[in-house]
Structure formats: C-alpha cells, structure tokens
file query-v1.txt (compact mmCIF, C-alpha atoms)
# COMPACT_ATOMS: atom_id res chain seq x y z
CA MET A 1 3.33 -41.09 -2.88
CA LYS A 2 3.35 -40.10 -6.50
CA ALA A 3 0.85 -37.24 -6.29
CA PRO A 4 2.81 -34.99 -3.87
CA ARG A 5 5.91 -35.34 -5.98
CA LEU A 6 3.97 -34.40 -9.09
CA PHE A 7 2.49 -31.44 -7.24
CA ALA A 8 5.94 -30.30 -6.11
CA ALA A 9 7.24 -30.55 -9.65
CA LEU A 10 4.30 -28.49 -10.88
CA VAL A 11 4.92 -25.79 -8.26
CA LEU A 12 8.59 -25.67 -9.22
CA LEU A 13 7.68 -25.38 -12.87
CA LEU A 14 5.25 -22.53 -12.14
CA LEU A 15 7.87 -20.77 -10.00
CA ALA A 16 10.38 -21.10 -12.80
CA LEU A 17 7.91 -19.63 -15.28
CA ALA A 18 6.68 -16.80 -13.03
CA PRO A 19 9.37 -14.19 -13.77
CA ALA A 20 8.72 -14.64 -17.48
CA ALA A 21 5.06 -13.74 -17.05
CA ARG A 22 5.02 -10.49 -18.91
CA ALA A 23 3.23 -9.39 -21.99
CA VAL A 24 6.38 -8.65 -23.99
CA SER A 25 6.42 -11.96 -25.76
CA ASP A 26 7.54 -10.68 -29.13
CA PRO A 27 11.36 -10.64 -29.28
CA ALA A 28 11.11 -8.06 -32.06
CA GLU A 29 9.76 -5.64 -29.47
CA MET A 30 12.88 -5.91 -27.32
CA LEU A 31 15.98 -3.78 -27.58
CA PRO A 32 19.08 -5.61 -28.84
CA ASN A 33 21.17 -4.24 -25.96
CA PRO A 34 20.26 -6.27 -22.80
CA ALA A 35 21.15 -3.41 -20.44
CA GLU A 36 18.89 -1.03 -22.36
CA GLU A 37 16.12 -3.63 -22.48
CA ARG A 38 16.36 -4.00 -18.69
CA ARG A 39 16.03 -0.22 -18.31
CA ALA A 40 13.00 -0.26 -20.59
CA GLU A 41 11.39 -3.04 -18.57
CA ALA A 42 12.10 -1.26 -15.28
CA LEU A 43 10.52 1.92 -16.63
CA GLY A 44 7.55 0.04 -18.03
CA GLU A 45 6.92 -1.57 -14.66
CA GLN A 46 6.60 1.88 -13.07
CA LEU A 47 3.99 3.01 -15.58
CA ARG A 48 0.29 2.33 -15.34
CA CYS A 49 -1.52 0.80 -18.27
CA LEU A 50 -4.14 3.49 -18.87
CA VAL A 51 -6.64 1.01 -20.31
CA CYS A 52 -6.55 -1.67 -17.60
CA GLN A 53 -5.32 0.70 -14.84
CA ASN A 54 -4.16 -1.88 -12.31
CA GLU A 55 -1.49 -3.38 -14.51
CA SER A 56 1.80 -1.89 -15.55
CA ILE A 57 2.34 -1.30 -19.25
CA GLU A 58 5.00 -4.00 -19.10
CA GLN A 59 2.39 -6.57 -18.02
CA SER A 60 -0.48 -5.42 -20.17
CA ASP A 61 -1.44 -6.67 -23.58
CA ALA A 62 -3.57 -3.60 -24.34
CA ASP A 63 -2.83 -1.85 -27.61
CA LEU A 64 -2.02 1.45 -25.92
CA ALA A 65 0.40 -0.31 -23.54
CA LYS A 66 2.18 -1.81 -26.55
CA ASP A 67 2.47 1.65 -28.12
CA LEU A 68 3.90 3.07 -24.89
CA ARG A 69 6.37 0.18 -24.58
CA ARG A 70 7.55 0.89 -28.10
CA ILE A 71 7.92 4.60 -27.33
CA ILE A 72 10.00 3.84 -24.21
CA ARG A 73 12.34 1.67 -26.26
CA GLN A 74 12.63 4.22 -29.06
CA ARG A 75 13.48 6.92 -26.55
CA ILE A 76 16.04 4.77 -24.75
CA ALA A 77 17.66 3.90 -28.08
CA ALA A 78 17.74 7.63 -28.86
CA GLY A 79 19.78 8.14 -25.68
CA GLU A 80 17.19 9.69 -23.39
CA SER A 81 17.49 9.30 -19.60
CA ASP A 82 14.91 7.48 -17.48
CA ARG A 83 13.95 10.82 -15.98
CA GLN A 84 13.32 12.37 -19.42
CA ILE A 85 11.14 9.45 -20.48
CA MET A 86 9.17 9.55 -17.22
CA ASP A 87 8.62 13.31 -17.62
CA TRP A 88 7.43 12.72 -21.20
CA MET A 89 4.84 10.25 -19.95
CA VAL A 90 3.70 12.44 -17.04
CA ALA A 91 3.33 15.44 -19.38
CA ARG A 92 0.78 13.43 -21.39
CA TYR A 93 -0.97 11.28 -18.82
CA GLY A 94 -0.35 13.10 -15.55
CA ASN A 95 0.94 11.57 -12.32
CA PHE A 96 -1.81 8.97 -12.64
CA VAL A 97 0.46 7.15 -15.10
CA ARG A 98 3.01 6.56 -12.34
CA LEU A 99 2.35 3.47 -10.26
CA ASP A 100 4.61 5.00 -7.62
CA PRO A 101 3.12 8.45 -6.95
CA PRO A 102 5.59 11.28 -6.26
CA PHE A 103 5.65 13.20 -2.98
CA ASP A 104 3.84 16.50 -3.58
CA ALA A 105 1.01 18.62 -2.19
CA MET A 106 -1.61 16.21 -3.57
CA THR A 107 -0.05 13.09 -2.03
CA LEU A 108 1.05 14.71 1.23
CA VAL A 109 -1.61 12.90 3.27
CA LEU A 110 -0.89 9.61 1.50
CA TRP A 111 2.84 9.66 2.22
CA GLY A 112 2.38 11.39 5.57
CA ALA A 113 -0.13 8.80 6.88
CA PRO A 114 2.46 6.51 8.55
CA VAL A 115 4.07 9.50 10.30
CA LEU A 116 0.63 10.80 11.37
CA ALA A 117 -0.36 7.37 12.72
CA LEU A 118 2.93 7.03 14.62
CA GLY A 119 2.59 10.56 16.00
CA GLY A 120 -0.99 9.91 17.09
CA GLY A 121 0.02 6.68 18.84
CA LEU A 122 2.90 8.42 20.64
CA GLY A 123 0.56 11.20 21.71
CA VAL A 124 -1.93 8.74 23.19
CA ALA A 125 0.89 6.84 24.96
CA LEU A 126 2.22 10.07 26.49
CA LEU A 127 -1.25 11.15 27.60
CA LEU A 128 -1.86 7.79 29.26
CA ARG A 129 1.48 7.98 31.06
CA ARG A 130 0.90 11.34 32.69
CA ARG A 131 -2.71 10.73 33.55
CA GLY A 132 -3.30 12.87 36.64
CA PRO A 133 -1.39 12.74 39.99
CA ALA A 134 -0.60 9.46 41.75
CA PRO A 135 -3.44 8.19 44.02
CA PRO A 136 -3.11 9.17 47.75
CA PRO A 137 -1.53 6.50 50.02
CA GLN A 138 -4.06 4.05 51.48
CA PRO A 139 -4.78 4.31 55.23
CA PRO A 140 -3.47 1.34 57.24
CA LEU A 141 -5.83 -1.65 57.61
CA THR A 142 -8.25 -1.70 60.53
CA ASP A 143 -8.28 -4.72 62.91
CA ALA A 144 -11.50 -6.03 61.31
CA GLU A 145 -9.91 -5.86 57.88
CA ARG A 146 -6.82 -7.62 59.11
CA MET A 147 -8.96 -10.49 60.46
CA ARG A 148 -10.83 -10.77 57.21
CA LEU A 149 -7.61 -10.85 55.23
CA ALA A 150 -6.27 -13.61 57.46
CA GLU A 151 -9.47 -15.60 56.95
CA LEU A 152 -9.21 -15.21 53.22
CA THR A 153 -5.59 -16.29 53.07
CA GLU A 154 -6.28 -19.14 55.55
CA ALA A 155 -3.12 -18.30 57.50
CA GLY A 156 -4.83 -18.23 60.89
CA PRO A 157 -5.30 -15.10 63.05
CA PRO A 158 -2.40 -12.70 62.86
CA ALA A 159 0.01 -12.60 65.76
CA ARG A 160 -0.37 -9.51 67.93
CA MET B 1 -12.18 19.23 38.63
CA ALA B 2 -9.77 20.34 35.88
CA VAL B 3 -8.55 16.75 35.50
CA ALA B 4 -12.11 15.43 35.21
CA THR B 5 -12.90 18.01 32.52
CA ARG B 6 -9.77 17.07 30.60
CA ARG B 7 -10.68 13.40 30.78
CA ARG B 8 -14.16 14.09 29.51
CA LEU B 9 -12.67 16.07 26.60
CA LEU B 10 -10.31 13.18 25.88
CA LEU B 11 -13.29 10.81 25.77
CA LEU B 12 -14.95 13.14 23.27
CA ALA B 13 -11.89 13.18 20.99
CA PRO B 14 -12.52 9.79 19.28
CA LEU B 15 -16.19 10.69 18.93
CA ALA B 16 -15.25 13.99 17.31
CA ALA B 17 -12.80 12.22 14.98
CA ALA B 18 -15.47 9.69 13.98
CA ALA B 19 -18.00 12.48 13.42
CA ALA B 20 -15.55 14.42 11.24
CA GLY B 21 -14.79 11.29 9.20
CA GLY B 22 -18.47 10.50 8.83
CA GLY B 23 -19.19 14.06 7.77
CA ALA B 24 -16.46 14.01 5.12
CA PHE B 25 -17.69 10.66 3.83
CA THR B 26 -21.28 11.88 3.59
CA ALA B 27 -20.11 14.99 1.74
CA LEU B 28 -18.26 12.75 -0.76
CA LEU B 29 -21.37 10.60 -1.30
CA VAL B 30 -23.60 13.65 -1.75
CA ARG B 31 -21.19 15.20 -4.24
CA MET B 32 -20.97 11.90 -6.13
CA GLN B 33 -24.75 11.80 -6.35
CA GLU B 34 -24.91 15.41 -7.52
CA GLY B 35 -22.28 14.62 -10.10
CA THR B 36 -19.84 17.26 -8.82
CA TYR B 37 -17.32 14.61 -7.77
CA ASP B 38 -16.38 11.56 -9.82
CA PRO B 39 -13.77 9.24 -8.30
CA HIS B 40 -13.29 7.62 -11.70
CA ALA B 41 -12.65 10.92 -13.46
CA LEU B 42 -9.34 10.96 -15.29
CA PRO B 43 -7.69 14.36 -14.94
CA SER B 44 -6.01 15.53 -18.12
CA PRO B 45 -2.68 17.33 -17.79
CA LEU B 46 -3.46 18.86 -21.20
CA VAL B 47 -6.19 21.10 -19.75
CA GLY B 48 -4.83 24.64 -19.60
CA LYS B 49 -2.13 23.84 -22.17
CA PRO B 50 -2.03 24.46 -25.93
CA LEU B 51 -3.33 21.84 -28.31
CA PRO B 52 -0.52 19.35 -29.09
CA ARG B 53 1.15 19.91 -32.46
CA PHE B 54 0.05 17.55 -35.19
CA ASP B 55 -0.53 17.41 -38.92
CA LEU B 56 -2.56 14.40 -39.98
CA PRO B 57 -3.65 13.11 -43.40
CA GLY B 58 -7.34 13.25 -44.26
CA GLN B 59 -10.02 10.61 -44.46
CA PRO B 60 -11.09 10.96 -48.13
CA PRO B 61 -12.90 12.98 -49.29
CA SER B 62 -12.00 15.21 -46.32
CA PRO B 63 -8.64 16.94 -46.42
CA GLY B 64 -6.37 16.35 -43.41
CA PHE B 65 -5.78 18.99 -40.78
CA SER B 66 -3.23 20.28 -38.30
CA ASN B 67 -3.57 21.85 -34.86
CA ALA B 68 -3.24 25.25 -36.58
CA ASP B 69 -6.31 24.48 -38.73
CA VAL B 70 -8.39 23.79 -35.61
CA THR B 71 -7.55 27.15 -34.08
CA ALA B 72 -7.43 29.19 -37.33
CA ALA B 73 -11.05 30.36 -36.95
CA ARG B 74 -10.20 31.67 -33.45
CA ARG B 75 -13.34 30.30 -31.83
CA PRO B 76 -14.03 27.37 -29.48
CA ALA B 77 -13.92 23.98 -31.21
CA ILE B 78 -13.91 20.31 -30.29
CA VAL B 79 -11.41 17.67 -31.36
CA ASN B 80 -13.08 14.25 -31.20
CA PHE B 81 -11.24 10.93 -31.44
CA PHE B 82 -13.31 8.02 -32.72
CA ALA B 83 -13.02 4.67 -34.50
CA SER B 84 -15.35 2.43 -36.45
CA TRP B 85 -14.45 -0.51 -34.18
CA CYS B 86 -15.61 1.33 -31.08
CA VAL B 87 -19.15 0.67 -29.81
CA PRO B 88 -19.44 3.77 -27.57
CA CYS B 89 -18.58 5.81 -30.69
CA VAL B 90 -21.77 4.56 -32.34
CA GLN B 91 -23.72 5.48 -29.21
CA GLU B 92 -22.08 8.91 -29.19
CA ALA B 93 -23.18 9.81 -32.73
CA PRO B 94 -26.52 11.47 -31.78
CA ALA B 95 -24.75 13.60 -29.14
CA LEU B 96 -22.21 14.75 -31.73
CA ALA B 97 -25.11 15.78 -33.98
CA LEU B 98 -26.34 17.96 -31.07
CA VAL B 99 -22.91 19.56 -30.75
CA LYS B 100 -22.92 20.32 -34.47
CA ALA B 101 -26.45 21.74 -34.22
CA ALA B 102 -25.23 24.01 -31.39
CA GLY B 103 -22.76 25.49 -33.88
CA ILE B 104 -19.57 24.18 -32.28
CA PRO B 105 -17.07 23.06 -34.94
CA LEU B 106 -16.17 19.37 -34.55
CA TRP B 107 -12.85 18.09 -35.85
CA GLY B 108 -12.75 14.30 -36.11
CA ILE B 109 -9.69 12.09 -35.80
CA ALA B 110 -10.13 8.43 -36.73
CA TYR B 111 -7.93 6.48 -34.30
CA LYS B 112 -6.18 3.32 -35.56
CA ASP B 113 -8.85 2.63 -38.12
CA GLN B 114 -8.95 1.45 -41.72
CA PRO B 115 -10.06 4.09 -44.26
CA GLU B 116 -12.87 1.92 -45.73
CA LYS B 117 -14.23 1.11 -42.27
CA THR B 118 -14.09 4.77 -41.20
CA ALA B 119 -15.98 5.70 -44.40
CA GLN B 120 -18.62 3.09 -43.66
CA PHE B 121 -18.92 4.28 -40.03
CA LEU B 122 -19.45 7.88 -41.18
CA ALA B 123 -22.01 6.79 -43.78
CA GLU B 124 -23.98 4.81 -41.21
CA ASN B 125 -23.77 7.10 -38.17
CA GLY B 126 -23.55 10.50 -39.84
CA ASP B 127 -20.61 12.82 -40.38
CA PRO B 128 -20.86 15.82 -38.03
CA TYR B 129 -17.23 16.87 -38.60
CA VAL B 130 -15.72 19.95 -40.25
CA ARG B 131 -12.92 17.63 -41.36
CA VAL B 132 -11.88 14.07 -40.58
CA ALA B 133 -8.19 13.14 -40.24
CA ARG B 134 -6.56 9.77 -39.70
CA ASP B 135 -4.23 8.83 -36.85
CA GLN B 136 -3.19 5.44 -38.14
CA THR B 137 -0.36 4.83 -35.68
CA GLY B 138 -2.12 6.38 -32.68
CA LEU B 139 0.94 8.50 -31.84
CA VAL B 140 -0.85 11.84 -32.10
CA ALA B 141 -3.47 10.43 -29.72
CA ILE B 142 -0.72 9.66 -27.18
CA ASN B 143 0.40 13.30 -27.38
CA PHE B 144 -3.16 14.19 -26.37
CA GLY B 145 -2.94 11.73 -23.47
CA LEU B 146 -5.71 9.62 -24.97
CA TYR B 147 -6.99 6.68 -22.92
CA GLY B 148 -9.28 5.27 -25.55
CA VAL B 149 -12.01 6.19 -27.99
CA PRO B 150 -14.22 8.13 -28.02
CA GLU B 151 -12.59 11.11 -26.36
CA SER B 152 -13.28 14.82 -26.84
CA TYR B 153 -11.18 17.94 -26.22
CA LEU B 154 -12.66 21.43 -26.02
CA VAL B 155 -10.22 24.04 -27.35
CA ASP B 156 -10.71 27.78 -26.82
CA ALA B 157 -10.15 30.60 -29.35
CA ASP B 158 -6.47 30.78 -28.37
CA GLY B 159 -5.90 27.08 -28.94
CA ILE B 160 -5.78 26.21 -25.22
CA VAL B 161 -7.43 22.94 -24.20
CA ARG B 162 -10.16 23.79 -21.68
CA TRP B 163 -11.89 20.48 -21.06
CA ARG B 164 -11.45 16.81 -21.86
CA TRP B 165 -14.12 14.15 -21.79
CA ALA B 166 -12.90 10.54 -21.81
CA GLY B 167 -15.75 8.42 -23.12
CA GLY B 168 -18.82 9.06 -25.22
CA LEU B 169 -20.60 12.42 -25.05
CA SER B 170 -24.30 12.33 -24.20
CA GLY B 171 -27.13 14.85 -24.09
CA ASP B 172 -26.66 15.24 -20.32
CA ILE B 173 -22.91 15.79 -20.51
CA ILE B 174 -23.39 18.33 -23.31
CA ARG B 175 -26.00 20.24 -21.26
CA GLN B 176 -24.22 20.05 -17.89
CA ASP B 177 -20.54 20.14 -18.78
CA LEU B 178 -19.91 21.23 -22.33
CA MET B 179 -22.36 24.05 -23.04
CA PRO B 180 -21.68 26.02 -19.81
CA ARG B 181 -17.96 25.88 -20.62
CA VAL B 182 -18.48 26.96 -24.23
CA LYS B 183 -20.70 29.85 -23.07
CA ALA B 184 -18.05 30.91 -20.55
CA LEU B 185 -15.48 31.00 -23.36
CA ALA B 186 -17.64 33.08 -25.72
call {"tool": "encode", "arguments": {"input": "query-v1.txt", "output": "structure tokens"}}
result
Amino acid sequence: MKAPRLFAALVLLLLALAPAARAVSDPAEMLPNPAEERRAEALGEQLRCLVCQNESIEQSDADLAKDLRRIIRQRIAAGESDRQIMDWMVARYGNFVRLDPPFDAMTLVLWGAPVLALGGGLGVALLLRRRGPAPPPQPPLTDAERMRLAELTEAGPPAR
Amino acid sequence: MAVATRRRLLLLAPLAAAAAGGGAFTALLVRMQEGTYDPHALPSPLVGKPLPRFDLPGQPPSPGFSNADVTAARRPAIVNFFASWCVPCVQEAPALALVKAAGIPLWGIAYKDQPEKTAQFLAENGDPYVRVARDQTGLVAINFGLYGVPESYLVDADGIVRWRWAGGLSGDIIRQDLMPRVKALA
C-alpha cells in the first residue's frame, strides 16, 4: 500500500525535475533578460556539441559547449538575429553542427526518403491493381460437377 | 506472353534493388578498409578558405604570431593546436618531429593551457615549432572550427587552408595524407 504511493511520488518528482535537466546550472551564464535567455536556449538546443556529438550544446557539460553557449549569449546581447548566429556557427563547424540538417543537395535523399517510400508504395499498389486482363468467364458446371457439389453441401441431389 | 514477361521482370525488380543495395554497401566497406572513406571524418568548412584572422601572444621564450606571420614566407605550413593536458598530443610528438624533419614549418598554438605546463610539455616532448602562441580563451580555436586537441591545419602559400586533421598525426597519416598534399602544393 505504501510502496506504490512512494513510487508515484518519486515519478512525479522526476517528472517535475526533467525540464530542468540541462547543463546550464550556473545562473551567471544566463542572460538577465528572460526572453533573450529563452532564445539562447532554443538556439543551443539546435546545435550539436562537437565533443560529445549526440548532445546539444545546451545539454552538454563539455568545455567547448560552454564556450559556444557563452558566444551565443554574447551575440544575442549584441543584438544579432538567430539566423546570424546560426550562420556564424555553420561557417566554423559546417552543417554538422546543426542537429536539424537543412534541405540541400547533400540531404536530398534524407529529406526525400518519405516521399520516395510513399511513391514506391503507390507504384506497387497501382501495378497490382491493373495486373493483366480479367480472367475469362468459367464454363457452366457439368452434371457430374453439380452432383459432387450437392454431395459436398449435403443438400441432396439437385432438382431437375 | 507480353504479360508473362512483364511479370517476370517485376519479380526481378526486388532482386535487382537488393543487389544494387548490396553492391553499394560492399563498395562502402571496401573503401573504409582502403581508408578512402571514413564515416567518422569531420569535414572542415575552413578547407578552401583563408586562414582565420588571429594575433596571439607567445609562449615565452617564443614570440606570439598572427595569421599573417604564418603566411609571410609564402610556402605551405602547418598550424597545430595542442595542450599539455592532452594525451594524444604526447603521442603525436614523434610525428610532429617527422613533419619538422620534412622541412614543413610548424606553428604551434597551445589551447587553454597554463604557460608553465606548456613549457614543461615542450621540454619533455620536444619543441618542433617555428613559434608557439597561446590561445588561453580558446576563441581563436573556435574560429578554426576546432573540435579538440590535437588538430592540424595545412595552409598553402596563399594562406588558404587545404587540409585539416582532427586528432593526432601519425607516421601513416603523414605519408598517406599530408605529404602528397604538400607535394601537390609545391
């Protein structure tokens, strides 16, 4: 009786803590303006930590990620747009730094894959639908066949 | 007859697709084994672009240097980032001695390191550099697109970055990647 309640409380506590699970723990790192800080966090979440590679720089505790977080905040405070900051990062680290890759010649297959798969499926469906002409009509049953059918369905011999 | 042929072709289609996929996969594996394709390679957007602008203080007794100093001699050179706290940098030291012996000027940048520790590192592992500068904040390194130390950038006579190697140089990499590129630039 007590254990499930304790467990539920623990889950709730973890859920409450989850959104706070980022590496920016030092309030001195944050921008004083909450709107600007939110922009910085949103940008940081779109950028790959180059050291750990599967984390965003907002989540990572790597030294380089800290440096990049600081640069984002300095640039936001200096009045740069999100686009300008993103371009600055891509100029140095390439599109690899973006966790959300842009649509270009290199990522054509990546972004096009769902369309290709859908197209392929439609093609197969169409092919199956118009598979050759309809089969020729069956000749009528012979007497022997009729008898056999009657036997099978146990309905007695057919009336003539 | 025509329908039967079409059906047979349709049956072959998945086989052909599987064969094409298998062929491409084998080609990838072969190229990985040959070393001509590395899925972990980190492409540098700096390649083909001029060396980033910087002007860093020196690691005493070496004077500092700027990007203009690196290209002043108008011949291929290497900018190498290192740090005393970095283990691959210790392992890289013999390879850097080879680069120096090959007559390629090496410009060292100590990344986020303390001057005394850098001095000790150079005393223990050798100092193959023309000059050693200090990037205490690591901001110049970010302009290079640095992932970590060690990292090396080959610059041509015009100051254009031609090649970047993320990680420690080794005898094999120098023979297979660096020297052919330097020869092509000469």
call {"tool": "interface_residues", "arguments": {"input": "query-v1.txt", "of": "chain B", "to": "chain A", "cutoff": "9 Å", "atoms": "all atoms listed in the file", "output": "ChimeraX atom specification"}}
result
/B:3,7,42-46,137-139,142-148
call {"tool": "axis_aligned_box", "arguments": {"input": "query-v1.txt", "around": "stretch 135-151 of chain A", "padding_each_side": "3 Å", "output": "AutoDock Vina command-line options"}}
result
--center_x -6.5 --center_y -3.2 --center_z 53.5 --size_x 16.0 --size_y 30.8 --size_z 24.9
call {"tool": "atom_distance", "arguments": {"input": "query-v1.txt", "atom1": "atom CA of B:Leu51", "atom2": "atom CA of B:Ile174"}}
result
21.0 Å
call {"tool": "atom_distance", "arguments": {"input": "query-v1.txt", "atom1": "atom CA of B:Val130", "atom2": "atom CA of B:Arg175"}}
result
21.6 Å
call {"tool": "residues_around", "arguments": {"input": "query-v1.txt", "residues": "A:Glu45", "least_positions_apart": "5", "cutoff": "12 Å", "atoms": "only C-alpha atoms", "output": "list in words"}}
result
Arg22, Ala23, Val24, Arg38, Arg39, Ala40, Asn54, Glu55, Ser56, Ile57, Glu58, Gln59, Ser60, Ala65, Leu68, Arg69, Ile72, Met86, Val97, Arg98, Leu99 and Asp100 of chain A
call {"tool": "atom_distance", "arguments": {"input": "query-v1.txt", "atom1": "atom CA of B:Trp165", "atom2": "atom CA of B:Tyr153"}}
result
6.5 Å
call {"tool": "residues_around", "arguments": {"input": "query-v1.txt", "residues": "B:Tyr111", "least_positions_apart": "5", "cutoff": "10 Å", "atoms": "all atoms listed in the file", "output": "PDB file with C-alpha atoms, in the coordinates of the input"}}
result
ATOM      1  CA  ASN B  80     -13.080  14.250 -31.200  1.00  0.00           C
ATOM      2  CA  PHE B  81     -11.240  10.930 -31.440  1.00  0.00           C
ATOM      3  CA  PHE B  82     -13.310   8.020 -32.720  1.00  0.00           C
ATOM      4  CA  ALA B  83     -13.020   4.670 -34.500  1.00  0.00           C
ATOM      5  CA  SER B  84     -15.350   2.430 -36.450  1.00  0.00           C
ATOM      6  CA  TRP B  85     -14.450  -0.510 -34.180  1.00  0.00           C
ATOM      7  CA  CYS B  86     -15.610   1.330 -31.080  1.00  0.00           C
ATOM      8  CA  THR B 118     -14.090   4.770 -41.200  1.00  0.00           C
ATOM      9  CA  ALA B 133      -8.190  13.140 -40.240  1.00  0.00           C
ATOM     10  CA  ARG B 134      -6.560   9.770 -39.700  1.00  0.00           C
ATOM     11  CA  ASP B 135      -4.230   8.830 -36.850  1.00  0.00           C
ATOM     12  CA  GLN B 136      -3.190   5.440 -38.140  1.00  0.00           C
ATOM     13  CA  THR B 137      -0.360   4.830 -35.680  1.00  0.00           C
ATOM     14  CA  GLY B 138      -2.120   6.380 -32.680  1.00  0.00           C
ATOM     15  CA  LEU B 139       0.940   8.500 -31.840  1.00  0.00           C
ATOM     16  CA  VAL B 140      -0.850  11.840 -32.100  1.00  0.00           C
ATOM     17  CA  ALA B 141      -3.470  10.430 -29.720  1.00  0.00           C
ATOM     18  CA  GLY B 148      -9.280   5.270 -25.550  1.00  0.00           C
ATOM     19  CA  VAL B 149     -12.010   6.190 -27.990  1.00  0.00           C
ATOM     20  CA  PRO B 150     -14.220   8.130 -28.020  1.00  0.00           C
TER      21      PRO B 150
END
call {"tool": "closest_residue", "arguments": {"input": "query-v1.txt", "among": "B:Ala186, B:Val87, B:Ala17, B:Ala68", "to": "B:Phe121", "atoms": "all atoms listed in the file"}}
result
B:Val87
call {"tool": "residues_around", "arguments": {"input": "query-v1.txt", "residues": "B:Asp172", "least_positions_apart": "4", "cutoff": "12 Å", "atoms": "all atoms listed in the file", "output": "ChimeraX atom specification"}}
result
/B:35,92,95,98-99,168,176-180
call {"tool": "write_last_selection", "arguments": {"input": "query-v1.txt", "atoms": "C-alpha atoms", "output": "tab-separated table (two decimals), in the coordinates of the input"}}
result
chain	number	residue	atom	x	y	z
B	35	GLY	CA	-22.28	14.62	-10.10
B	92	GLU	CA	-22.08	8.91	-29.19
B	95	ALA	CA	-24.75	13.60	-29.14
B	98	LEU	CA	-26.34	17.96	-31.07
B	99	VAL	CA	-22.91	19.56	-30.75
B	168	GLY	CA	-18.82	9.06	-25.22
B	176	GLN	CA	-24.22	20.05	-17.89
B	177	ASP	CA	-20.54	20.14	-18.78
B	178	LEU	CA	-19.91	21.23	-22.33
B	179	MET	CA	-22.36	24.05	-23.04
B	180	PRO	CA	-21.68	26.02	-19.81
call {"tool": "build_atoms", "arguments": {"input": "query-v1.txt", "residues": "stretch 127-144 of chain B", "atoms": "N, CA and C atoms", "output": "PDB file, in the frame of the given file"}}
result
ATOM      1  N   ASP B 127     -21.915  12.172 -40.406  1.00  0.00           N
ATOM      2  CA  ASP B 127     -20.610  12.820 -40.380  1.00  0.00           C
ATOM      3  C   ASP B 127     -20.795  14.249 -39.887  1.00  0.00           C
ATOM      4  N   PRO B 128     -20.625  14.478 -38.572  1.00  0.00           N
ATOM      5  CA  PRO B 128     -20.860  15.820 -38.030  1.00  0.00           C
ATOM      6  C   PRO B 128     -19.614  16.710 -38.105  1.00  0.00           C
ATOM      7  N   TYR B 129     -18.532  16.217 -38.718  1.00  0.00           N
ATOM      8  CA  TYR B 129     -17.230  16.870 -38.600  1.00  0.00           C
ATOM      9  C   TYR B 129     -16.975  17.928 -39.674  1.00  0.00           C
ATOM     10  N   VAL B 130     -16.234  18.965 -39.288  1.00  0.00           N
ATOM     11  CA  VAL B 130     -15.720  19.950 -40.250  1.00  0.00           C
ATOM     12  C   VAL B 130     -14.762  19.220 -41.192  1.00  0.00           C
ATOM     13  N   ARG B 131     -13.838  18.476 -40.595  1.00  0.00           N
ATOM     14  CA  ARG B 131     -12.920  17.630 -41.360  1.00  0.00           C
ATOM     15  C   ARG B 131     -12.657  16.357 -40.549  1.00  0.00           C
ATOM     16  N   VAL B 132     -12.246  15.314 -41.250  1.00  0.00           N
ATOM     17  CA  VAL B 132     -11.880  14.070 -40.580  1.00  0.00           C
ATOM     18  C   VAL B 132     -10.444  13.715 -40.976  1.00  0.00           C
ATOM     19  N   ALA B 133      -9.581  13.536 -39.979  1.00  0.00           N
ATOM     20  CA  ALA B 133      -8.190  13.140 -40.240  1.00  0.00           C
ATOM     21  C   ALA B 133      -7.984  11.722 -39.732  1.00  0.00           C
ATOM     22  N   ARG B 134      -6.839  11.145 -40.080  1.00  0.00           N
ATOM     23  CA  ARG B 134      -6.560   9.770 -39.700  1.00  0.00           C
ATOM     24  C   ARG B 134      -5.291   9.709 -38.844  1.00  0.00           C
ATOM     25  N   ASP B 135      -5.406   9.094 -37.680  1.00  0.00           N
ATOM     26  CA  ASP B 135      -4.230   8.830 -36.850  1.00  0.00           C
ATOM     27  C   ASP B 135      -4.010   7.326 -36.867  1.00  0.00           C
ATOM     28  N   GLN B 136      -3.332   6.876 -37.921  1.00  0.00           N
ATOM     29  CA  GLN B 136      -3.190   5.440 -38.140  1.00  0.00           C
ATOM     30  C   GLN B 136      -2.337   4.777 -37.057  1.00  0.00           C
ATOM     31  N   THR B 137      -1.269   5.439 -36.656  1.00  0.00           N
ATOM     32  CA  THR B 137      -0.360   4.830 -35.680  1.00  0.00           C
ATOM     33  C   THR B 137      -0.818   5.091 -34.233  1.00  0.00           C
ATOM     34  N   GLY B 138      -1.671   6.073 -34.032  1.00  0.00           N
ATOM     35  CA  GLY B 138      -2.120   6.380 -32.680  1.00  0.00           C
ATOM     36  C   GLY B 138      -1.121   7.224 -31.901  1.00  0.00           C
ATOM     37  N   LEU B 139      -0.086   7.739 -32.568  1.00  0.00           N
ATOM     38  CA  LEU B 139       0.940   8.500 -31.840  1.00  0.00           C
ATOM     39  C   LEU B 139       0.487   9.910 -31.510  1.00  0.00           C
ATOM     40  N   VAL B 140      -0.304  10.515 -32.406  1.00  0.00           N
ATOM     41  CA  VAL B 140      -0.850  11.840 -32.100  1.00  0.00           C
ATOM     42  C   VAL B 140      -1.774  11.733 -30.891  1.00  0.00           C
ATOM     43  N   ALA B 141      -2.547  10.646 -30.847  1.00  0.00           N
ATOM     44  CA  ALA B 141      -3.470  10.430 -29.720  1.00  0.00           C
ATOM     45  C   ALA B 141      -2.693  10.366 -28.406  1.00  0.00           C
ATOM     46  N   ILE B 142      -1.520   9.744 -28.408  1.00  0.00           N
ATOM     47  CA  ILE B 142      -0.720   9.660 -27.180  1.00  0.00           C
ATOM     48  C   ILE B 142      -0.257  11.051 -26.747  1.00  0.00           C
ATOM     49  N   ASN B 143       0.031  11.929 -27.734  1.00  0.00           N
ATOM     50  CA  ASN B 143       0.400  13.300 -27.380  1.00  0.00           C
ATOM     51  C   ASN B 143      -0.768  14.047 -26.735  1.00  0.00           C
ATOM     52  N   PHE B 144      -1.980  13.615 -27.023  1.00  0.00           N
ATOM     53  CA  PHE B 144      -3.160  14.190 -26.370  1.00  0.00           C
ATOM     54  C   PHE B 144      -3.370  13.554 -24.984  1.00  0.00           C
TER      55      PHE B 144
END
